[in-house]
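Below is one structure, written out as structure tokens, with a few remarks after it.
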Amino acid sequence: MARALVTGAAGFIGSHLTDALLADGHSVLGVDCFNDNYASADKRANLVKATDYDTFDLVIGDVVELDAARLIEPCDVVFHLAGEPGVRSSWGPRFDRYTHHNVAATQRLLEAMVDFPGKRFVYASSSSVYGDALTLPTPEDVTPRPLSPYGVTKLAAEHLCVLYAEEQDVSTVALRYFSVYGPRQRPDMAFRRFCEAIVDGNPIEVFGDGCQSRDFTFVGDIVAATRAAGEADTSPGRVFNIGGGGSVSVNRALEALAGIAGRPLDVRHSERQEGDVADTGADTSRARAELGFAPQTALQDGLAAELEWVRERPLPLPRVRSLTAS
Ligand SMILES: NC(=O)c1ccc[n+]([C@@H]2O[C@H](COP(=O)([O-])OP(=O)(O)OC[C@H]3O[C@@H](n4cnc5c(N)ncnc54)[C@H](O)[C@@H]3O)[C@@H](O)[C@H]2O)c1
């Protein structure tokens with residue numbers, strides 16, 4: 001039984017990772033500052049399952065402000081998922097939040113990791129580091145050219161992981177997640193907006209012509225890869241693509257959703273958003289070879305799970321037991 005530190009534990013992906021670790025008998029120290037990128041009630045709801053476990057503790061606070069060494073010391077492995085996500089809102093005045101939550105938070109943790117040799121540090125990076133990649137599917141060793149300020153901050157933090165591995169012997173692994181979806185997906189993300197529009201009987205707004213394609217990755221597969229990275233005997237500073245197994249256009253995903261919903265969808269197109277790349281696709285050969293990663297969930301099944309979650313979603317506002325706040 002291991003003890004894991006999960007930063008961003010109340011978020012979409014962090015809460016799934018937390019649930020999976022707890023279900024397998026591990027203990028989890030979760031950290032989250034409940035920042036305001038979406039309703040904190042949603043984040044508290046993400047932790048409903050976790051709070052049933054005595055083996056779960058939560059620290060409510062900002063990784064940049066907290067004593068990182070005290071968080072890391074009792075844990076065997078660190079999964080660093082806290083961050084300010086979202087491409088579109090990274091333009092303009094919100095950029096400071098991106099440097100704070102993505103770059104400074106990662107630096108604080110890495111600096112503290114120097115005193116804990118042997119502990120693994122897994123960082124949630126992003127396919128956004130690639131921008132409009134010239135090679136599809138994209139292997140890890142192309143030169144990253146982010147197309148959004150968000151991607152720039154994710155890449156900066158990824159470079160910190162490589163730097164701390166090379167210069168300070170921290171055992172880092174960075175995972176470039178590709179378009180993650182599934183139950184609890186963030187409310188700003190496309191499939192969540194599409195599912196809510198279907199359930200509420202509203203038109204679906206698609207940015208651009210819908211021909212843009214993404215390597216959509218089900219959150220359960222992301223969790224499996226992240227856990228594997230926590231244990232794998234891989235060289236420090238390694239970077240891996242984690243994708244769903246193939247690129248699909250937004251229009252094709254909408255056709256699949258119409259099939260699941262059992263009716264035609266009222267789709268309206270609006271302007272393409274700044275920072276949205278044309279296509280993404282992950283070459284996952286490295287993750288297959290070194291992490292034993294193989295995505296298991298077909299888009300049809302993952303979309304059905306997300307639509308069902310949106311339909312059935314209870315809206316509780318549970319209180320979360322915390323080590324630092326009531
Ligand atoms: N969702 C995706 O498709 C995707 C793709 C690529 C990479 N990622 C990365 O995965 C991670 C998780 O993304 P998500 O979609 O679950 O987002 P999310 O917003 O649902 O979760 C992130 C959580 O981190 C917390 N947080 C942010 N800054 C913090 C700080 N300084 N201290 C403590 N807590 C903090 C937030 O309150 C939030 O609950 C992020 O780092 C994101 O950049 C996500």
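Just remember, in the structure tokens the first chain shown is A, the second B, etc., residues are 1-based per chain, and ligands are 1-based in the order shown.
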
Practice problem: Residues up to 7 Å from ligand 1, counting only C-alpha atoms and all ligand atoms: could you list those as number ranges by chain? | Solution: A: 7-14, 31-37, 43, 61-64, 81-85, 100-102, 105, 124-127, 154, 176-181, 185-186

Export of prior selection with N, CA and C atoms as a tab-separated table (two decimals), in the first residue's frame:
```tsv
chain	number	residue	atom	x	y	z
A	7	THR	N	-2.06	16.50	-6.42
A	7	THR	CA	-2.42	17.92	-6.46
A	7	THR	C	-3.53	18.10	-7.49
A	8	GLY	N	-4.43	19.04	-7.23
A	8	GLY	CA	-5.59	19.19	-8.12
A	8	GLY	C	-6.59	18.06	-7.93
A	9	ALA	N	-6.64	17.52	-6.69
A	9	ALA	CA	-7.44	16.31	-6.42
A	9	ALA	C	-8.93	16.53	-6.61
A	10	ALA	N	-9.39	17.77	-6.52
A	10	ALA	CA	-10.83	18.02	-6.67
A	10	ALA	C	-11.22	18.30	-8.12
A	11	GLY	N	-10.23	18.32	-9.00
A	11	GLY	CA	-10.51	18.63	-10.41
A	11	GLY	C	-11.04	17.41	-11.15
A	12	PHE	N	-11.28	17.60	-12.43
A	12	PHE	CA	-11.83	16.55	-13.29
A	12	PHE	C	-10.93	15.31	-13.25
A	13	ILE	N	-9.70	15.44	-13.69
A	13	ILE	CA	-8.83	14.26	-13.80
A	13	ILE	C	-8.32	13.84	-12.42
A	14	GLY	N	-7.93	14.83	-11.60
A	14	GLY	CA	-7.37	14.52	-10.27
A	14	GLY	C	-8.34	13.73	-9.41
A	31	VAL	N	-4.59	17.70	-2.54
A	31	VAL	CA	-4.43	19.15	-2.34
A	31	VAL	C	-5.21	19.85	-3.42
A	32	ASP	N	-5.96	20.84	-3.04
A	32	ASP	CA	-6.66	21.64	-4.06
A	32	ASP	C	-6.99	23.01	-3.46
A	33	CYS	N	-6.86	24.04	-4.27
A	33	CYS	CA	-7.17	25.39	-3.78
A	33	CYS	C	-8.56	25.84	-4.23
A	34	PHE	N	-9.28	24.96	-4.92
A	34	PHE	CA	-10.64	25.29	-5.40
A	34	PHE	C	-10.62	26.66	-6.10
A	35	ASN	N	-9.73	26.79	-7.07
A	35	ASN	CA	-9.70	28.08	-7.78
A	35	ASN	C	-10.97	28.25	-8.61
A	36	ASP	N	-11.15	29.43	-9.17
A	36	ASP	CA	-12.48	29.77	-9.69
A	36	ASP	C	-12.62	29.56	-11.19
A	37	ASN	N	-11.86	28.60	-11.77
A	37	ASN	CA	-12.06	28.38	-13.21
A	37	ASN	C	-13.43	27.79	-13.50
A	43	LYS	N	-16.46	20.98	-7.92
A	43	LYS	CA	-15.23	20.33	-7.45
A	43	LYS	C	-15.49	19.56	-6.16
A	61	GLY	N	-5.70	24.39	-0.20
A	61	GLY	CA	-4.70	25.46	-0.25
A	61	GLY	C	-4.00	25.48	-1.59
A	62	ASP	N	-3.25	26.53	-1.78
A	62	ASP	CA	-2.55	26.77	-3.03
A	62	ASP	C	-1.14	26.18	-2.92
A	63	VAL	N	-0.78	25.34	-3.85
A	63	VAL	CA	0.53	24.70	-3.85
A	63	VAL	C	1.66	25.73	-3.78
A	64	VAL	N	1.44	26.90	-4.37
A	64	VAL	CA	2.48	27.93	-4.37
A	64	VAL	C	2.72	28.46	-2.95
A	81	LEU	N	-1.27	17.31	-10.72
A	81	LEU	CA	-2.31	17.63	-11.71
A	81	LEU	C	-2.90	19.02	-11.51
A	82	ALA	N	-2.54	19.69	-10.42
A	82	ALA	CA	-3.06	21.04	-10.21
A	82	ALA	C	-2.58	21.94	-11.33
A	83	GLY	N	-3.47	22.79	-11.80
A	83	GLY	CA	-3.07	23.71	-12.85
A	83	GLY	C	-4.25	24.53	-13.28
A	84	GLU	N	-3.95	25.56	-14.04
A	84	GLU	CA	-5.00	26.40	-14.63
A	84	GLU	C	-5.16	25.91	-16.06
A	85	PRO	N	-6.25	25.17	-16.37
A	85	PRO	CA	-6.39	24.62	-17.71
A	85	PRO	C	-7.17	25.59	-18.60
A	100	HIS	N	1.10	31.50	-12.55
A	100	HIS	CA	1.07	31.15	-11.13
A	100	HIS	C	0.75	29.65	-10.95
A	101	HIS	N	-0.40	29.23	-11.48
A	101	HIS	CA	-0.87	27.86	-11.20
A	101	HIS	C	-0.14	26.79	-12.01
A	102	ASN	N	0.40	27.16	-13.16
A	102	ASN	CA	1.06	26.14	-13.99
A	102	ASN	C	2.59	26.14	-13.81
A	105	ALA	N	3.65	26.88	-9.42
A	105	ALA	CA	3.25	25.73	-8.59
A	105	ALA	C	4.16	24.54	-8.86
A	124	ALA	N	1.30	16.46	-15.08
A	124	ALA	CA	0.26	16.44	-16.13
A	124	ALA	C	0.55	17.54	-17.13
A	125	SER	N	1.25	17.18	-18.21
A	125	SER	CA	1.48	18.14	-19.29
A	125	SER	C	0.34	18.03	-20.30
A	126	SER	N	0.52	18.59	-21.47
A	126	SER	CA	-0.62	18.71	-22.38
A	126	SER	C	-0.19	18.63	-23.84
A	127	SER	N	-1.09	18.12	-24.67
A	127	SER	CA	-0.85	18.13	-26.12
A	127	SER	C	-0.78	19.56	-26.64
A	154	LYS	N	2.35	25.35	-19.98
A	154	LYS	CA	2.47	23.90	-19.75
A	154	LYS	C	3.85	23.42	-20.21
A	176	ARG	N	1.98	14.07	-21.67
A	176	ARG	CA	1.23	15.03	-22.51
A	176	ARG	C	-0.15	14.43	-22.78
A	177	TYR	N	-1.11	14.84	-21.95
A	177	TYR	CA	-2.48	14.35	-22.13
A	177	TYR	C	-3.09	14.99	-23.37
A	178	PHE	N	-3.82	14.18	-24.15
A	178	PHE	CA	-4.56	14.67	-25.32
A	178	PHE	C	-6.05	14.72	-24.99
A	179	SER	N	-6.69	15.89	-25.14
A	179	SER	CA	-8.14	16.13	-25.01
A	179	SER	C	-8.88	15.06	-24.18
A	180	VAL	N	-8.87	15.27	-22.89
A	180	VAL	CA	-9.44	14.28	-21.97
A	180	VAL	C	-10.95	14.53	-21.83
A	181	TYR	N	-11.73	13.44	-21.81
A	181	TYR	CA	-13.18	13.58	-21.68
A	181	TYR	C	-13.69	12.44	-20.81
A	185	GLN	N	-16.13	15.91	-16.66
A	185	GLN	CA	-15.34	16.81	-17.52
A	185	GLN	C	-15.64	18.27	-17.16
A	186	ARG	N	-14.66	19.11	-17.31
A	186	ARG	CA	-14.83	20.53	-16.96
A	186	ARG	C	-15.94	21.16	-17.79
```

Quiz item: Looking only at the backbone, which of the residues in region 42-130 of chain A does DSSP tag as strand (DSSP E), as an MDAnalysis selection string?
Solution: chainID A and resid 56:60 77:80 120:126

With C-alpha atoms retained, could you export that selection as an mmCIF file, in the first residue's frame?
```cif
data_model
loop_
_atom_site.group_PDB
_atom_site.id
_atom_site.type_symbol
_atom_site.label_atom_id
_atom_site.label_comp_id
_atom_site.auth_asym_id
_atom_site.auth_seq_id
_atom_site.Cartn_x
_atom_site.Cartn_y
_atom_site.Cartn_z
ATOM 1 C CA PHE A 56 -8.229 10.090 2.087
ATOM 2 C CA ASP A 57 -7.129 13.427 3.471
ATOM 3 C CA LEU A 58 -7.536 16.792 1.840
ATOM 4 C CA VAL A 59 -5.521 19.949 2.249
ATOM 5 C CA ILE A 60 -7.315 22.988 0.891
ATOM 6 C CA VAL A 77 4.790 9.340 -5.117
ATOM 7 C CA VAL A 78 3.577 12.751 -6.315
ATOM 8 C CA PHE A 79 0.970 13.181 -9.037
ATOM 9 C CA HIS A 80 0.964 16.866 -9.947
ATOM 10 C CA ARG A 120 8.621 9.774 -8.420
ATOM 11 C CA PHE A 121 7.085 13.057 -9.630
ATOM 12 C CA VAL A 122 4.465 12.733 -12.374
ATOM 13 C CA TYR A 123 3.470 15.961 -14.115
ATOM 14 C CA ALA A 124 0.261 16.441 -16.126
ATOM 15 C CA SER A 125 1.481 18.144 -19.285
ATOM 16 C CA SER A 126 -0.621 18.712 -22.383
#
```

Quiz item: Using only C-alpha atoms, which residues sit within 8 Å of Ile242 (chain A) once same-chain residues fewer than 3 positions away are excluded, as a ChimeraX atom specification?
Solution: /A:175-178,217,222,225,282,284,287

How close does region 142-245 of chain A get to region 256-265 of chain A? List, as CSV, each residue of region 142-245 of chain A within 9 Å, its nearest atom pair and the distance in Å to one decimal, counting only C-alpha atoms.
```
residue,atom,partner,partner_atom,distance
A:Phe194,CA,A:Leu257,CA,8.6
A:Cys195,CA,A:Leu257,CA,8.2
A:Ile198,CA,A:Leu265,CA,7.5
A:Val199,CA,A:Ala261,CA,9.0
A:Pro203,CA,A:Leu265,CA,7.5
A:Ile204,CA,A:Leu265,CA,7.4
```

Could those residues be written to a file, using C-alpha atoms, as an mmCIF file, in the first residue's frame?
```cif
data_model
loop_
_atom_site.group_PDB
_atom_site.id
_atom_site.type_symbol
_atom_site.label_atom_id
_atom_site.label_comp_id
_atom_site.auth_asym_id
_atom_site.auth_seq_id
_atom_site.Cartn_x
_atom_site.Cartn_y
_atom_site.Cartn_z
ATOM 1 C CA PHE A 194 -22.510 19.359 -26.070
ATOM 2 C CA CYS A 195 -23.942 16.876 -23.530
ATOM 3 C CA ILE A 198 -28.548 17.750 -25.475
ATOM 4 C CA VAL A 199 -29.949 17.165 -21.983
ATOM 5 C CA PRO A 203 -28.737 24.099 -29.661
ATOM 6 C CA ILE A 204 -25.118 22.920 -29.677
#
```

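One finds CA of His159 (chain A) at 10.3 Å from CA of Gln107 (chain A).
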
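Of the residues under consideration (A:Asp54, A:Gly246, A:Thr234, A:Gly281), A:Gly281 shows the shortest atom-to-atom contact distance to Leu134 (chain A) when counting only C-alpha atoms.
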
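The spacing separating CA of Asp169 (chain A) from CA of Leu109 (chain A) amounts to 13.8 Å.
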
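The closest residue to Pro146 (chain A), picked from A:Asp115, A:Asp24, A:Asp132, A:Glu312 and counting only C-alpha atoms, is A:Asp132.
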
Quiz item: DSSP says helix (DSSP H, G or I) for which residues of region 150-300 of chain A? Put them as a PyMOL selection string?
Solution: chain A and resi 150-168+190-200+219-231+250-261+285-291+299-300

Who sits within 10 Å of Ala224 (chain A), only C-alpha atoms, same chain under 2 positions skipped, as a PDB file with N, CA and C atoms, in the first residue's frame:
```
ATOM      1  N   LEU A  17      -8.334  10.104 -10.600  1.00  0.00           N
ATOM      2  CA  LEU A  17      -7.103   9.436 -10.168  1.00  0.00           C
ATOM      3  C   LEU A  17      -7.196   9.097  -8.682  1.00  0.00           C
ATOM      4  N   ALA A  20      -9.487   6.122  -8.070  1.00  0.00           N
ATOM      5  CA  ALA A  20      -8.906   4.851  -8.509  1.00  0.00           C
ATOM      6  C   ALA A  20      -7.849   4.363  -7.514  1.00  0.00           C
ATOM      7  N   VAL A 219     -11.054   9.494 -19.707  1.00  0.00           N
ATOM      8  CA  VAL A 219     -10.360   9.794 -18.445  1.00  0.00           C
ATOM      9  C   VAL A 219      -9.856   8.525 -17.741  1.00  0.00           C
ATOM     10  N   GLY A 220     -10.549   7.408 -17.919  1.00  0.00           N
ATOM     11  CA  GLY A 220     -10.084   6.154 -17.293  1.00  0.00           C
ATOM     12  C   GLY A 220      -8.737   5.723 -17.867  1.00  0.00           C
ATOM     13  N   ASP A 221      -8.547   5.969 -19.161  1.00  0.00           N
ATOM     14  CA  ASP A 221      -7.261   5.631 -19.790  1.00  0.00           C
ATOM     15  C   ASP A 221      -6.160   6.579 -19.319  1.00  0.00           C
ATOM     16  N   ILE A 222      -6.522   7.837 -19.123  1.00  0.00           N
ATOM     17  CA  ILE A 222      -5.563   8.812 -18.597  1.00  0.00           C
ATOM     18  C   ILE A 222      -5.104   8.395 -17.191  1.00  0.00           C
ATOM     19  N   THR A 226      -1.349   7.467 -15.959  1.00  0.00           N
ATOM     20  CA  THR A 226      -0.742   8.286 -14.902  1.00  0.00           C
ATOM     21  C   THR A 226      -0.235   7.383 -13.778  1.00  0.00           C
ATOM     22  N   ARG A 227      -1.048   6.390 -13.431  1.00  0.00           N
ATOM     23  CA  ARG A 227      -0.617   5.448 -12.391  1.00  0.00           C
ATOM     24  C   ARG A 227       0.606   4.659 -12.857  1.00  0.00           C
ATOM     25  N   ALA A 228       0.590   4.246 -14.118  1.00  0.00           N
ATOM     26  CA  ALA A 228       1.739   3.492 -14.645  1.00  0.00           C
ATOM     27  C   ALA A 228       3.004   4.341 -14.585  1.00  0.00           C
ATOM     28  N   ALA A 229       2.866   5.635 -14.860  1.00  0.00           N
ATOM     29  CA  ALA A 229       4.030   6.526 -14.828  1.00  0.00           C
ATOM     30  C   ALA A 229       4.563   6.686 -13.405  1.00  0.00           C
ATOM     31  N   LEU A 291       5.577   2.333 -20.683  1.00  0.00           N
ATOM     32  CA  LEU A 291       4.590   2.365 -19.584  1.00  0.00           C
ATOM     33  C   LEU A 291       3.582   1.232 -19.708  1.00  0.00           C
ATOM     34  N   GLY A 292       3.665   0.486 -20.799  1.00  0.00           N
ATOM     35  CA  GLY A 292       2.662  -0.568 -21.039  1.00  0.00           C
ATOM     36  C   GLY A 292       1.282   0.028 -21.272  1.00  0.00           C
ATOM     37  N   PHE A 293       1.253   1.262 -21.817  1.00  0.00           N
ATOM     38  CA  PHE A 293      -0.028   1.962 -21.971  1.00  0.00           C
ATOM     39  C   PHE A 293      -0.746   1.531 -23.255  1.00  0.00           C
ATOM     40  N   ALA A 294      -2.028   1.195 -23.114  1.00  0.00           N
ATOM     41  CA  ALA A 294      -2.870   0.943 -24.289  1.00  0.00           C
ATOM     42  C   ALA A 294      -4.272   1.430 -23.950  1.00  0.00           C
ATOM     43  N   PRO A 295      -4.765   2.445 -24.682  1.00  0.00           N
ATOM     44  CA  PRO A 295      -6.105   2.949 -24.364  1.00  0.00           C
ATOM     45  C   PRO A 295      -7.165   1.872 -24.556  1.00  0.00           C
ATOM     46  N   GLN A 296      -8.139   1.838 -23.649  1.00  0.00           N
ATOM     47  CA  GLN A 296      -9.128   0.750 -23.640  1.00  0.00           C
ATOM     48  C   GLN A 296     -10.519   1.197 -24.065  1.00  0.00           C
TER      49      GLN A 296
END
```

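Taking only C-alpha atoms, the non-local environment of Ala190 (chain A) within 9 Å (same-chain residues fewer than 6 positions away omitted) comprises Tyr181, Glu205, Val206 and Val250 of chain A.
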
Export of the given selection (N, CA and C atoms) as a PDB file, in the first residue's frame:
```
ATOM      1  N   TYR A 181     -11.725  13.443 -21.813  1.00  0.00           N
ATOM      2  CA  TYR A 181     -13.179  13.579 -21.680  1.00  0.00           C
ATOM      3  C   TYR A 181     -13.693  12.444 -20.814  1.00  0.00           C
ATOM      4  N   GLU A 205     -23.405  24.633 -29.702  1.00  0.00           N
ATOM      5  CA  GLU A 205     -22.522  25.602 -30.350  1.00  0.00           C
ATOM      6  C   GLU A 205     -21.154  24.957 -30.599  1.00  0.00           C
ATOM      7  N   VAL A 206     -20.754  24.940 -31.860  1.00  0.00           N
ATOM      8  CA  VAL A 206     -19.440  24.410 -32.232  1.00  0.00           C
ATOM      9  C   VAL A 206     -18.583  25.574 -32.718  1.00  0.00           C
ATOM     10  N   VAL A 250     -14.524  16.843 -34.803  1.00  0.00           N
ATOM     11  CA  VAL A 250     -15.624  17.227 -33.912  1.00  0.00           C
ATOM     12  C   VAL A 250     -16.959  16.845 -34.550  1.00  0.00           C
TER      13      VAL A 250
END
```

Quick one: everything within 6 Å of Ala50 (chain A), counting only C-alpha atoms, minus sequence neighbours fewer than 3 positions away in the same chain. Send it as a PDB file with C-alpha atoms, in the first residue's frame.
```pdb
ATOM      1  CA  ASP A  19     -10.856   7.517  -6.622  1.00  0.00           C
ATOM      2  CA  LEU A  47     -14.766  14.386  -4.132  1.00  0.00           C
ATOM      3  CA  TYR A  53     -12.508   6.643   2.617  1.00  0.00           C
TER       4      TYR A  53
END
```

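With distances restricted to only C-alpha atoms, A:Asp279 is the closest residue to Thr135 (chain A) from A:Asp209, A:Glu308, A:Glu290, A:Asp279.
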
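Rounded to one decimal, CA of Asp276 (chain A) and CA of Val87 (chain A) lie 7.3 Å from each other.
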